[in-house]
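Q: Structure provided below as structure tokens; questions to follow.
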Amino acid sequence: MSSITVKSPSSWRGLDILQLVLGLLAVAAMTTVMWASLYLAPAASNLAGDEQIAQRIFYIHMGCNIGALAGFLVSIVGSIAYLITRNLSWDRVAQAAIEVGVICGAGTILTGMFWAKPTWNTYWTWDPRLTTSTITVLVYLAYLLFRNGIDDRRTRARFASIYALLAFLSVPLTFYSARLFRSIHPVVYGNENADAQGSFAIGATMSQVVLISIIGFCVLFTALVILRWRQLGVEESIAELREGLA
């Protein structure tokens, strides 16, 4: 029977403290985001009725969008690092980032649907931005499904890393879809699209709330990725113990 090295609980103490601090910061940050979205942010001057209320979900929508982008960017770093070093810890970083990114991506789509109903009078339309966003989430969801179907850890990590690099090609397509194609999705920052509908100017206070939302979701994203990365490490250790005892 091969020898198995189990980390002492004291070796996790630093990460435990970091995780606790990040968790508390995430709770405080998201509380601040909700307060700023509901009370600090002004009502959009060019909207009325239900549209003014629904517009406040824009800040959550943007936060989820940033969380998804962060997840897919971090997965690139983790995947490249694994292919260079062959250290499975980097593969766990990529997996954790994509799992959180997929959740944030789904949040982006759902919050966009709730915003679209009073604005476009429909929850869904085959708009380029909506379609490409959904495709991106599905592509990364397939990443999780495919990797779970491979038993060998090294083969799984190698396949997942290459897949993550290719999957990221869908991210810039989603970003530029509302800028390159005829779209009713508003382009909020830069490169205005003459065909976009429902756009609104971002004033000083709204910009502050957007910044609060971005920072809050970045803190939440970091806390969740580290937590999930540690969970995957524990799962890996359990799998090694089972193999050693078999």
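Residues in the structure tokens are numbered from 1 in each chain, the chains being A, B, ... in the order shown, and ligands are numbered from 1 in the order shown.
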What are the nearest atom pairs, with distances in Å to one decimal, for all residues of stretch 61-92 of chain A that come at most 8 Å from stretch 213-216 of chain A, using only C-alpha atoms, set out by chain and rising residue number as a Markdown table?

A:
```
| residue | atom | partner | partner_atom | distance |
| --- | --- | --- | --- | --- |
| A:Met62 | CA | A:Ile214 | CA | 7.3 |
| A:Gly63 | CA | A:Ile214 | CA | 5.1 |
| A:Ile66 | CA | A:Ile214 | CA | 6.6 |
```

Q: For A:Thr132, work out the shell of residues within 9 Å, counting only C-alpha atoms and skipping chain neighbours fewer than 3 positions away, then give it as a list in words.

A: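 In the requested form, the answer reads Asp127, Pro128, Arg129, Ile135, Thr136, Val137, Ser170, Val171, Leu173, Thr174, Phe175 and Ser177 of chain A.
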
Q: Which one is closest to A:Ala164: A:Cys64, A:Met206, A:Ile80, A:Ile212? Count only C-alpha atoms.

A: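 Of all the options, A:Ile80 lies closest to A:Ala164.
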
Q: According to DSSP computed on the backbone, where in stretch 4-235 of chain A is there alpha helix (DSSP H)? Give the residues as a VMD selection string.

A: chain A and resid 13 to 35 50 to 55 58 to 85 88 to 120 128 to 148 153 to 167 170 to 180 204 to 235

Q: Return the single residue from A:Tyr59, A:Tyr176, A:Trp229, A:Tyr140 that is closest to A:Ser161, with distances computed using only C-alpha atoms.

A: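 So, comparing all the options, the nearest one is A:Tyr140.
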
Q: Using only C-alpha atoms, which protein or nucleic acid residues come within 8 Å of A:Gly101? Drop anything in the same chain fewer than 5 positions from it, and give the result as a PyMOL selection string.

A: chain A and resi 67-72

Q: How would the residues just picked look written out with C-alpha atoms as an mmCIF file, in the first residue's frame?

A:
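Once written, result-v9.cif looks like this:
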```
data_model
loop_
_atom_site.group_PDB
_atom_site.id
_atom_site.type_symbol
_atom_site.label_atom_id
_atom_site.label_comp_id
_atom_site.auth_asym_id
_atom_site.auth_seq_id
_atom_site.Cartn_x
_atom_site.Cartn_y
_atom_site.Cartn_z
ATOM 1 C CA GLY A 67 -18.364 38.149 -12.059
ATOM 2 C CA ALA A 68 -18.827 36.014 -15.172
ATOM 3 C CA LEU A 69 -16.046 37.840 -17.013
ATOM 4 C CA ALA A 70 -13.715 37.460 -14.022
ATOM 5 C CA GLY A 71 -14.455 33.741 -13.846
ATOM 6 C CA PHE A 72 -13.674 33.151 -17.497
#
```
